[in-house]
Structure formats: structure tokens, C-alpha cells
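Quick look at final-v8.cif (mmCIF, C-alpha atoms):
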```cif
data_model
#
loop_
_atom_site.label_atom_id
_atom_site.label_comp_id
_atom_site.auth_asym_id
_atom_site.auth_seq_id
_atom_site.Cartn_x
_atom_site.Cartn_y
_atom_site.Cartn_z
CA MET A 290 74.59 117.39 113.91
CA ASN A 291 78.10 117.50 115.41
CA GLU A 292 78.41 117.28 119.18
CA PRO A 293 80.20 120.25 120.82
CA GLN A 294 83.84 119.41 121.53
CA GLU A 295 85.37 119.74 124.97
CA ALA A 296 87.69 122.73 125.30
CA VAL A 297 90.81 122.04 127.37
CA VAL A 298 93.02 124.91 128.52
CA ILE A 299 96.63 123.96 129.18
CA ASP A 300 98.38 126.58 131.26
CA GLY A 301 101.27 126.93 133.66
CA ILE A 302 103.52 126.95 130.58
CA SER A 303 106.80 128.70 131.38
CA GLU A 304 107.74 129.04 127.70
CA LEU A 305 105.60 128.15 124.69
CA THR A 306 107.54 127.67 121.44
CA THR A 307 105.01 128.17 118.64
CA ASN A 308 107.04 128.58 115.40
CA ASP A 309 104.37 131.17 114.56
CA GLU A 310 105.80 134.46 113.30
CA ALA A 311 102.60 136.23 114.37
CA ASN A 312 103.63 135.94 118.03
CA GLY A 313 107.39 135.96 117.57
CA GLY A 314 107.71 132.20 117.78
CA ARG A 315 107.78 132.10 121.59
CA ILE A 316 105.42 133.19 124.35
CA PRO A 317 106.51 133.33 128.01
CA ASP A 318 104.03 132.46 130.78
CA ALA A 319 101.66 131.04 128.19
CA ALA A 320 98.57 128.92 127.74
CA LEU A 321 96.91 127.09 124.87
CA VAL A 322 93.43 125.72 124.29
CA VAL A 323 92.71 122.41 122.56
CA GLU A 324 89.34 121.58 121.01
CA GLY A 325 89.07 118.17 119.42
CA ASP A 326 92.16 117.46 117.34
CA ARG A 327 93.12 121.13 116.87
CA ILE A 328 94.60 124.07 118.66
CA ALA A 329 91.86 126.65 119.26
CA TRP A 330 93.84 129.45 120.96
CA VAL A 331 97.33 130.38 122.15
CA GLY A 332 98.51 133.38 124.12
CA PRO A 333 99.54 134.74 127.50
CA SER A 334 98.25 132.72 130.43
CA ARG A 335 96.49 135.75 131.92
CA ALA A 336 94.34 136.08 128.78
CA ALA A 337 93.30 132.42 128.45
CA PRO A 338 89.60 131.99 127.67
CA PRO A 339 87.31 129.85 129.83
CA ALA A 340 87.33 126.13 129.05
CA ASP A 341 85.68 122.91 130.14
CA ARG A 342 88.81 121.52 131.72
CA ARG A 343 92.21 122.78 132.86
CA VAL A 344 95.64 121.15 132.82
CA ASP A 345 98.33 122.91 134.86
CA LEU A 346 101.91 122.22 133.67
CA ALA A 347 103.47 123.89 136.70
CA GLY A 348 106.16 125.88 134.91
CA ARG A 349 107.19 123.44 132.18
CA ALA A 350 108.09 124.35 128.59
CA VAL A 351 105.92 123.33 125.64
CA LEU A 352 106.97 123.04 122.00
CA PRO A 353 105.57 121.40 118.86
CA GLY A 354 105.95 117.66 118.56
CA TRP A 355 108.95 116.62 116.51
CA VAL A 356 108.28 116.05 112.81
CA ASP A 357 110.74 113.33 111.82
CA SER A 358 110.86 113.60 108.04
CA HIS A 359 113.40 110.86 107.25
CA THR A 360 113.39 107.32 108.68
CA HIS A 361 113.74 103.71 107.48
CA LEU A 362 111.61 101.68 109.89
CA VAL A 363 110.58 98.68 107.76
CA PHE A 364 113.43 96.28 108.34
CA ALA A 365 114.60 93.13 110.06
CA GLY A 366 118.01 91.97 111.22
CA ASP A 367 120.95 93.54 112.96
CA ARG A 368 124.06 95.38 111.76
CA THR A 369 125.92 95.72 115.03
CA ALA A 370 129.03 94.11 113.52
CA GLU A 371 129.09 96.72 110.75
CA PHE A 372 128.82 99.52 113.30
CA GLU A 373 131.61 98.02 115.41
CA ALA A 374 133.85 97.74 112.34
CA ARG A 375 133.13 101.36 111.42
CA MET A 376 134.05 102.50 114.92
CA ALA A 377 137.32 100.58 114.48
CA GLY A 378 138.12 102.59 111.36
CA GLU A 379 136.45 100.82 108.44
CA PRO A 380 134.85 103.41 106.11
CA TYR A 381 131.11 103.44 105.48
CA ALA A 382 129.87 102.27 102.07
CA ALA A 383 126.32 102.03 100.74
CA GLY A 384 126.58 98.28 100.09
CA GLY A 385 125.83 97.34 103.69
CA ILE A 386 122.17 97.95 102.90
CA ASN A 387 122.05 94.55 101.17
CA VAL A 388 122.56 92.82 104.53
CA THR A 389 119.31 94.33 105.76
CA VAL A 390 117.59 93.52 102.46
CA GLN A 391 118.25 89.81 102.94
CA ALA A 392 116.93 89.83 106.51
CA THR A 393 113.87 91.91 105.61
CA ARG A 394 112.84 89.66 102.74
CA ALA A 395 113.03 86.65 105.07
CA ALA A 396 110.96 88.24 107.85
CA SER A 397 107.24 87.71 108.35
CA ASP A 398 104.70 90.50 108.08
CA ALA A 399 104.09 90.20 111.82
CA ASP A 400 107.78 90.61 112.64
CA LEU A 401 108.16 93.62 110.35
CA GLU A 402 105.04 95.32 111.65
CA GLY A 403 106.02 94.62 115.24
CA ASN A 404 109.33 96.38 114.65
CA ILE A 405 107.61 99.39 113.10
CA GLU A 406 105.20 99.61 116.03
CA ARG A 407 108.03 99.39 118.55
CA LEU A 408 110.06 102.13 116.90
CA VAL A 409 107.10 104.47 116.40
CA ALA A 410 106.16 104.03 120.06
CA GLU A 411 109.76 104.74 121.06
CA ALA A 412 109.78 107.87 118.91
CA ARG A 413 106.44 108.99 120.39
CA ARG A 414 107.84 108.74 123.93
CA GLY A 415 110.65 111.02 122.80
CA GLY A 416 108.26 113.70 121.55
CA THR A 417 107.81 112.73 117.88
CA THR A 418 104.21 113.28 116.79
CA THR A 419 104.65 113.05 113.01
CA ILE A 420 106.87 110.50 111.31
CA GLU A 421 107.79 109.59 107.75
CA THR A 422 109.27 106.26 106.76
CA LYS A 423 110.52 104.64 103.57
CA THR A 424 110.50 101.37 101.76
CA GLY A 425 113.85 100.27 100.36
CA TYR A 426 114.82 97.07 102.17
CA GLY A 427 112.73 94.79 99.94
CA LEU A 428 113.85 95.71 96.41
CA THR A 429 111.44 93.34 94.69
CA VAL A 430 107.96 94.35 93.57
CA THR A 431 106.34 92.10 96.16
CA ASP A 432 108.58 93.14 99.03
CA GLU A 433 108.40 96.87 98.29
CA VAL A 434 104.60 96.76 98.17
CA ARG A 435 104.59 94.82 101.44
CA ALA A 436 106.85 97.41 103.07
CA ALA A 437 104.69 100.32 101.89
CA ARG A 438 101.48 98.63 103.01
CA LEU A 439 102.79 97.85 106.49
CA ALA A 440 104.37 101.28 106.92
CA GLY A 441 101.14 103.01 105.98
CA ARG A 442 99.42 101.55 109.02
CA HIS A 443 101.71 103.44 111.38
CA ALA A 444 103.51 106.31 109.65
CA ASP A 445 102.16 109.72 108.62
CA ALA A 446 104.00 109.59 105.28
CA VAL A 447 105.42 106.67 103.29
CA THR A 448 108.16 107.24 100.70
CA PHE A 449 109.02 104.76 97.94
CA LEU A 450 112.76 104.04 97.99
CA GLY A 451 113.06 101.13 95.61
CA ALA A 452 116.10 103.05 94.35
CA HIS A 453 118.04 102.44 97.58
CA VAL A 454 120.75 100.20 96.15
CA VAL A 455 120.90 97.74 93.26
CA PRO A 456 120.24 94.32 94.82
CA ALA A 457 123.15 91.93 94.91
CA GLY A 458 123.49 90.10 91.59
CA ALA A 459 121.00 92.32 89.71
CA ASP A 460 121.75 94.07 86.41
CA PRO A 461 121.87 97.84 87.18
CA ASP A 462 120.08 98.98 84.02
CA GLY A 463 117.45 96.29 84.35
CA TYR A 464 116.87 97.16 87.98
CA VAL A 465 116.40 100.88 87.22
CA ALA A 466 113.84 99.91 84.58
CA LEU A 467 112.05 97.75 87.16
CA VAL A 468 112.00 100.57 89.75
CA ALA A 469 110.74 103.18 87.27
CA GLY A 470 108.18 100.80 85.78
CA PRO A 471 106.44 97.79 87.37
CA MET A 472 107.68 98.47 90.89
CA LEU A 473 106.55 102.10 90.94
CA ASP A 474 103.22 101.11 89.36
CA ALA A 475 102.60 98.55 92.09
CA VAL A 476 103.66 100.66 95.06
CA ALA A 477 102.12 104.00 93.98
CA PRO A 478 98.75 103.53 95.75
CA PHE A 479 100.53 103.12 99.10
CA VAL A 480 103.10 105.95 99.04
CA THR A 481 103.23 109.74 99.14
CA ALA A 482 106.59 110.39 97.46
CA VAL A 483 109.43 108.82 95.45
CA ASP A 484 113.03 108.92 96.70
CA VAL A 485 116.38 108.01 95.08
CA PHE A 486 119.74 107.36 96.78
CA CYS A 487 121.87 109.40 94.35
CA GLU A 488 125.33 108.39 95.47
CA VAL A 489 128.48 106.47 94.57
CA GLY A 490 127.66 102.80 95.15
CA ALA A 491 123.95 103.42 94.67
CA PHE A 492 122.45 105.36 91.70
CA ASP A 493 124.31 107.75 89.41
CA GLU A 494 122.90 110.89 87.81
CA ALA A 495 121.56 109.16 84.69
CA ALA A 496 119.72 106.50 86.71
CA THR A 497 118.41 109.11 89.14
CA ARG A 498 117.03 111.18 86.28
CA ARG A 499 115.27 108.15 84.76
CA ILE A 500 113.39 107.50 88.00
CA LEU A 501 112.64 111.15 88.78
CA ASP A 502 111.37 111.73 85.24
CA VAL A 503 108.77 109.02 85.73
CA ALA A 504 107.80 110.28 89.19
CA ARG A 505 107.38 113.84 87.90
CA ALA A 506 105.35 112.70 84.89
CA ARG A 507 103.02 110.87 87.28
CA GLY A 508 102.65 113.95 89.47
CA MET A 509 104.29 112.26 92.46
CA ALA A 510 106.31 114.20 95.02
CA ARG A 511 110.08 113.76 94.72
CA ARG A 512 112.79 113.49 97.38
CA LEU A 513 116.48 112.61 97.22
CA HIS A 514 119.29 111.20 99.30
CA GLY A 515 122.31 113.19 98.15
CA ASN A 516 125.83 114.42 98.81
CA GLN A 517 126.39 111.99 101.69
CA LEU A 518 129.54 110.07 100.76
CA GLY A 519 131.15 112.74 98.61
CA HIS A 520 130.24 115.59 96.33
CA GLY A 521 127.70 114.62 93.69
CA PRO A 522 124.74 115.89 91.70
CA GLY A 523 122.06 115.15 94.30
CA ALA A 524 121.47 118.66 95.63
CA GLN A 525 121.37 120.24 92.18
CA LEU A 526 119.06 117.52 90.82
CA ALA A 527 116.71 117.99 93.77
CA VAL A 528 116.32 121.67 92.95
CA GLU A 529 115.98 121.01 89.21
CA TYR A 530 113.22 118.44 89.76
CA GLY A 531 111.37 120.50 92.37
CA ALA A 532 111.96 117.91 95.08
CA LEU A 533 110.39 118.45 98.48
CA SER A 534 113.77 117.79 100.08
CA VAL A 535 117.29 116.56 99.60
CA ASP A 536 118.71 114.75 102.61
CA HIS A 537 122.19 114.12 104.12
CA LEU A 538 124.27 116.92 102.47
CA GLY A 539 127.65 116.38 104.08
CA PHE A 540 129.47 117.47 100.92
CA LEU A 541 128.14 120.72 99.44
CA THR A 542 129.79 123.40 97.35
CA ASP A 543 128.91 127.08 97.54
CA ASP A 544 126.96 126.60 94.30
CA ASP A 545 124.92 123.78 95.85
CA ILE A 546 124.08 125.92 98.87
CA ALA A 547 123.15 128.85 96.64
CA ALA A 548 120.87 126.63 94.55
CA LEU A 549 119.05 125.32 97.61
CA ALA A 550 118.61 128.85 98.95
CA SER A 551 117.48 130.31 95.64
CA SER A 552 114.86 127.58 95.22
CA TRP A 553 112.84 129.57 97.78
CA ALA A 554 113.10 132.88 95.91
CA GLY A 555 109.89 134.86 95.48
CA ALA A 556 106.66 132.96 95.92
CA ARG A 557 108.14 129.62 94.87
CA ARG A 558 108.07 126.61 97.17
CA GLY A 559 111.62 125.30 97.22
CA THR A 560 113.62 122.26 98.22
CA VAL A 561 114.27 121.71 101.93
CA ALA A 562 117.83 120.88 102.98
CA THR A 563 117.42 118.03 105.46
CA VAL A 564 120.38 117.32 107.72
CA LEU A 565 120.82 114.07 109.64
CA PRO A 566 123.22 114.73 112.53
CA ALA A 567 123.01 111.31 114.17
CA CYS A 568 123.90 109.64 110.88
CA ASP A 569 126.88 111.94 110.34
CA LEU A 570 128.20 110.95 113.77
CA SER A 571 127.58 107.23 113.29
CA THR A 572 129.27 107.12 109.88
CA ARG A 573 132.06 109.49 110.95
CA MET A 574 131.35 111.63 107.92
CA PRO A 575 131.53 115.44 107.83
CA LEU A 576 128.60 117.14 109.51
CA ALA A 577 126.26 118.80 107.02
CA PRO A 578 126.82 122.58 106.85
CA ALA A 579 123.53 123.53 108.48
CA ARG A 580 124.83 126.91 109.62
CA ARG A 581 125.92 127.90 106.11
CA LEU A 582 122.63 126.70 104.66
CA LEU A 583 120.57 128.81 107.05
CA ASP A 584 122.78 131.86 106.60
CA ALA A 585 122.36 131.57 102.81
CA GLY A 586 118.57 131.54 103.15
CA ALA A 587 117.85 127.84 102.69
CA VAL A 588 115.07 126.11 104.61
CA VAL A 589 116.59 123.43 106.85
CA ALA A 590 115.02 120.36 108.44
CA ILE A 591 116.53 118.02 111.01
CA ALA A 592 115.58 114.32 111.01
CA SER A 593 116.74 111.18 112.80
CA ASN A 594 117.36 108.91 109.77
CA CYS A 595 116.48 106.00 112.06
CA ASN A 596 117.76 102.86 110.31
CA PRO A 597 119.63 99.70 111.36
CA GLY A 598 122.92 100.49 109.64
CA THR A 599 123.96 104.11 110.03
CA SER A 600 121.67 105.84 112.55
CA PHE A 601 119.86 103.46 114.83
CA THR A 602 118.11 106.08 116.93
CA THR A 603 114.63 107.58 117.03
CA SER A 604 115.81 110.44 119.25
CA MET A 605 115.06 113.79 117.67
CA ALA A 606 116.19 115.44 120.90
CA PHE A 607 119.65 113.93 120.37
CA SER A 608 119.64 115.17 116.78
CA VAL A 609 118.65 118.67 117.92
CA ALA A 610 121.33 118.75 120.62
CA THR A 611 123.95 117.65 118.09
CA ALA A 612 122.86 120.36 115.65
CA VAL A 613 123.32 122.95 118.38
CA LEU A 614 126.55 121.65 119.89
CA GLN A 615 128.29 120.53 116.68
CA MET A 616 126.62 122.27 113.71
CA GLY A 617 126.45 125.81 115.04
CA LEU A 618 122.68 126.26 115.15
CA THR A 619 120.95 128.10 117.96
CA VAL A 620 118.53 126.07 120.05
CA GLN A 621 115.59 127.92 118.51
CA GLU A 622 116.85 127.30 114.97
CA ALA A 623 117.36 123.60 115.67
CA VAL A 624 113.94 123.19 117.27
CA ARG A 625 112.30 124.94 114.32
CA ALA A 626 114.19 122.71 111.87
CA ALA A 627 113.09 119.57 113.74
CA THR A 628 109.43 120.63 113.81
CA LEU A 629 108.29 123.12 111.18
CA GLY A 630 111.28 122.31 108.92
CA GLY A 631 110.31 118.66 108.86
CA ALA A 632 106.68 119.57 108.17
CA ILE A 633 107.70 121.69 105.18
CA ALA A 634 109.93 118.87 103.91
CA LEU A 635 106.89 116.57 103.93
CA GLY A 636 104.40 119.11 102.58
CA MET A 637 102.54 118.96 105.90
CA ASP A 638 102.80 122.63 106.84
CA GLU A 639 99.57 123.42 105.00
CA GLU A 640 95.99 122.36 105.67
CA GLY A 641 94.65 119.31 103.87
CA TRP A 642 97.71 117.12 103.34
CA LEU A 643 96.77 113.47 102.86
CA ASP A 644 98.04 110.71 105.13
CA PRO A 645 98.74 107.20 103.72
CA ARG A 646 95.12 106.24 104.35
CA GLY A 647 93.90 109.15 102.20
CA ALA A 648 92.55 111.24 105.09
CA ALA A 649 93.02 115.01 104.94
CA GLN A 650 94.93 116.34 107.95
CA PRO A 651 95.42 119.71 109.65
CA ALA A 652 98.80 121.39 109.27
CA VAL A 653 101.56 120.40 111.71
CA GLY A 654 104.83 121.92 112.91
CA VAL A 655 103.31 125.08 114.42
CA ILE A 656 101.32 125.57 117.62
CA GLY A 657 98.62 127.94 116.46
CA PRO A 658 94.85 128.18 115.92
CA GLY A 659 93.62 125.63 113.40
CA ARG A 660 96.79 123.54 113.51
CA ARG A 661 96.71 119.93 114.62
CA ALA A 662 97.08 119.74 118.39
CA ASP A 663 100.50 118.09 118.40
CA PHE A 664 102.85 119.22 121.15
CA GLN A 665 105.25 117.97 123.79
CA VAL A 666 105.96 119.04 127.35
CA LEU A 667 109.50 119.22 128.69
CA ASP A 668 110.40 118.54 132.28
CA ALA A 669 112.36 121.79 132.07
CA PRO A 670 111.51 125.51 131.97
CA SER A 671 112.92 126.15 128.48
CA VAL A 672 113.77 124.44 125.21
CA THR A 673 117.36 125.54 125.85
CA HIS A 674 117.64 122.54 128.17
CA LEU A 675 117.49 120.23 125.13
CA ALA A 676 121.10 121.22 124.37
CA TYR A 677 122.07 122.38 127.87
CA ARG A 678 121.35 118.86 129.21
CA PRO A 679 122.14 116.63 126.21
CA GLY A 680 121.18 112.99 126.46
CA VAL A 681 118.70 113.55 129.29
CA PRO A 682 115.14 112.36 128.42
CA LEU A 683 113.30 115.61 129.05
CA THR A 684 110.01 114.94 127.25
CA SER A 685 107.46 114.28 130.01
CA ALA A 686 104.17 114.35 128.08
CA VAL A 687 103.08 114.21 124.45
CA TRP A 688 99.76 115.19 122.84
CA ARG A 689 98.96 114.12 119.29
CA ALA A 690 95.79 115.27 117.53
CA GLY A 691 94.50 116.54 120.87
CA ILE A 692 94.93 113.23 122.70
CA ARG A 693 97.61 112.63 125.30
CA GLN A 694 99.83 109.79 124.10
CA VAL A 695 102.55 109.79 126.75
#
```
Will you turn the file into C-alpha cells for me?
Amino acid sequence: MNEPQEAVVIDGISELTTNDEANGGRIPDAALVVEGDRIAWVGPSRAAPPADRRVDLAGRAVLPGWVDSHTHLVFAGDRTAEFEARMAGEPYAAGGINVTVQATRAASDADLEGNIERLVAEARRGGTTTIETKTGYGLTVTDEVRAARLAGRHADAVTFLGAHVVPAGADPDGYVALVAGPMLDAVAPFVTAVDVFCEVGAFDEAATRRILDVARARGMARRLHGNQLGHGPGAQLAVEYGALSVDHLGFLTDDDIAALASSWAGARRGTVATVLPACDLSTRMPLAPARRLLDAGAVVAIASNCNPGTSFTTSMAFSVATAVLQMGLTVQEAVRAATLGGAIALGMDEEGWLDPRGAAQPAVGVIGPGRRADFQVLDAPSVTHLAYRPGVPLTSAVWRAGIRQV
């Protein structure tokens, strides 16, 4: 027989961002009730039900925890010199990934796991309650399995990115065959999706199709890196293959945007357009057209793309502020993209998604009854302050699955 769970009412909320269309997405002067790992009730503070315990936030804003749907946390080494050269005018190219591959292969399990733990803790302090990460810095069967296994201990979703770049000295066709065959076979028990870096200097359309064909035949979720360094087939392939998301998107045509929008037509579940503002700034590439994507009817997510080469930040707040100040999104649109948008991109917006350990989880990205109790408190009266005061660490408390983390 299950023991009754303590009900905790959290009130004194100046503004509660819910992402729930049933209450307009925002409730002023609000409260919420947590029971166990779930939200039990939300609404106006004056209508809050009795509870076992009360937490008074004294006029602070509450919003869902960030859902960071694109990171690369399993790595070793440093690429400061590459960043410095890029800031001095050297263009970004995908080949720099091989520097991290060498360092990652040489690192111990303890060093790699320590780095993952450090970065996840850093992200948690910044309000991130759900985080995806990828393999892709091992590029051998042994090293990719190791990366997936270690990542699964700390991340909410693990994506197989053996198709990150062709390792230095490897035959491209032979390497694609390895990724789509023995490597995918070995890593499949540890991952939740398959990703391909479809880009000049990485994998062309034919190679991308070979890998996605295998992933689809195995019933595995698909994702793509696409349209980052120039226009290419990534966005269109993502829609064709029913990918959960296509990420980067600095170079899109009107046809690409229309395809991403139309993928959501009717009752179909489409492909999320994930933009990575911090990466666009760090690589000095064009900002993804998030405004045009939203206006066309696409579903947009914002993610940090935390990685050692092109976006070494876990700050979703920085990414949100950049989307508002540089990409033309409203604060509410950017917050939704960085929470519910990320959840949709990971397939976590519905009850029963499986984490890397095979446990079914409540839906995330929305503060509403039955959802996982993931939320953050700002030391500010409104989410508007995320862009109004860019760079200021406003997250003052974080709850994940009903437990205060920060």
C-alpha cells in the first residue's frame, strides 16, 4: 500500500508561466501544489487548496525548468586556441571536432564522467531540469559505447552521434558502413535517438540517408544537425525521415521553412526546428531565422549546444536572451521554445517517455496537473527580466521531480 505523499503549496508567485493553453500560459498572483514528483494543482493564489506545507516565494516569478535538447557533454580537452583564432577572423569548419576526439579517446572514464557531472550541475544551477546529450567524440565502437553508457548515468536523453565527422585517416565509405552497422548495433541499448551531422566537411546527403535508413528500419528516433555552415539538404531530409528535430538552421530557404511548418499539418507530429543562438554567436555564423520559422507555423526549440568547440556554455538563460534581443522572438516565445519546445524535440511532452535507464517519466515542459514537478524560481517579478537584464544569474531556486535541487 502506497504511503500518502506530502502536499506542498508554493505561493507568493508574482507570475507563473505554465505553457498550458488551458490557462493562457501565464497566471498572475499564482500558486502551485506539488505532490511527490508531480504537479497536483495550479491556479490563482487565492484559490490554492490546503496542503501539508507552504513555501512563500515573496513575489518571485516561476517558470518551467529549461529543457536543453541539444548538448555534447561527453568530452575531454580544450579548444580555447580554436576559439581565439575564430575571434581573430578564421572561419569555423567542422574538422576541429577531431581535436576533441583525440583528447576524449585518451581520457579515463572517471575524467569523462567527472566532466559530465560538473556540466550537468552547472546547468541545473542555471535552471535546466531536463538535458539531452550526445556521443560523437569517440568515433570507434568502444569509445561510442563508453560515451553513451557514461552519459546515460546523468542525462535525461542520450543521442548516438557516431556520424559527427569522419575520423582523421578513416575511409569515408567504410566509416559510414561502421556507423550504420556494428557501431549502431553496439550503442543502441544505451541511446534514445540517432543523429547525423549533415554538412559540408561532415556527411553528405547520400551518407546521411544510409544512416537514417537503418535508424528508421530499427524504429529508432531520428535527429539531424543541418544547414549550419551553408545551405544543404538537412532540413528537408529531417522532414522526409520524420525526425524529431533538425538543429542549427542558419541557412534556410523559404521552401525549407515551409517544409518544417507543414510537417505539423493536421494531426501529424512534425519536426521541431531547434535553434542554437550561443553557437551562432560563437561561430560568427548567421543567426537562425527563428522569427520566420514561428511566423510560418513551425515549432521552434532553443538549446544551448554546450560543447568545447563552438558553444561552451550551459546557460539557457543566455540563449533565451539572445533569441529575444537578436532573433526577434518575444520573451514568452523564447521561454516556451526553451522549455516546451525542447520537450517536444525530445518526445518528452507526453506521459510515459523512457529515460536512458528505461524508466517511464511524466511529461515535462509544462507546469500543469500530472506533469513532472520541474520548475525554476527567478529572483525577479517576471520572465521579462531574462532579456531585460541579460547576463545576470536570475535563477534562485530549482525543483526537479518535486525535489529542490538548488
Residues within 6 Å of range 404-415 of chain A, please, as a PyMOL selection string. Count all atoms listed in the file; anything in the same chain fewer than 6 positions from it doesn't count.
chain A and resi 362+603+684
Please write the residues picked by the PyMOL selection byres ((chain A and resi 297-309) around 8) on this file as a PyMOL selection string.
chain A and resi 295-296+310-324+334+337-353+625+629+654-657+670-672
So that all listed atoms of range 471-484 of chain A fit with 5 Å spare on each side, what axis-aligned box centre and edge lengths in Å, to one decimal, would you give as AutoDock Vina command-line options?
```
--center_x 105.9 --center_y 104.1 --center_z 93.3 --size_x 24.3 --size_y 22.6 --size_z 21.8
```
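For the pair CA of Phe486 in chain A and CA of Leu513 in chain A, the interatomic distance is 6.2 Å.
For the structure in this document, the set picked by the PyMOL selection byres ((chain A and resi 547-560) around 8) is A:Ala524, A:Gln525, A:Ala527, A:Val528, A:Gly531, A:Ala532, A:Leu533, A:Ser534, A:Val535, A:Asp543, A:Asp544, A:Asp545, A:Ile546, A:Val561, A:Ala562, A:Leu582, A:Ala585, A:Gly586, A:Ala587, A:Val588, A:Ala634.
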Pull C-alpha atoms from the residues just selected and write them as a short mmCIF file (atom, residue, chain, number, x, y, z; two decimals), keeping the file's coordinate frame.
```cif
data_model
loop_
_atom_site.label_atom_id
_atom_site.label_comp_id
_atom_site.auth_asym_id
_atom_site.auth_seq_id
_atom_site.Cartn_x
_atom_site.Cartn_y
_atom_site.Cartn_z
CA ALA A 524 121.47 118.66 95.63
CA GLN A 525 121.37 120.24 92.18
CA ALA A 527 116.71 117.99 93.77
CA VAL A 528 116.32 121.67 92.95
CA GLY A 531 111.37 120.50 92.37
CA ALA A 532 111.96 117.91 95.08
CA LEU A 533 110.39 118.45 98.48
CA SER A 534 113.77 117.79 100.08
CA VAL A 535 117.29 116.56 99.60
CA ASP A 543 128.91 127.08 97.54
CA ASP A 544 126.96 126.60 94.30
CA ASP A 545 124.92 123.78 95.85
CA ILE A 546 124.08 125.92 98.87
CA VAL A 561 114.27 121.71 101.93
CA ALA A 562 117.83 120.88 102.98
CA LEU A 582 122.63 126.70 104.66
CA ALA A 585 122.36 131.57 102.81
CA GLY A 586 118.57 131.54 103.15
CA ALA A 587 117.85 127.84 102.69
CA VAL A 588 115.07 126.11 104.61
CA ALA A 634 109.93 118.87 103.91
#
```
For the structure shown, which residues end up in the PyMOL selection byres ((chain A and resi 665) around 9)? Put them as a PyMOL selection string, please?
chain A and resi 350-355+415-418+663-664+666-667+684-689
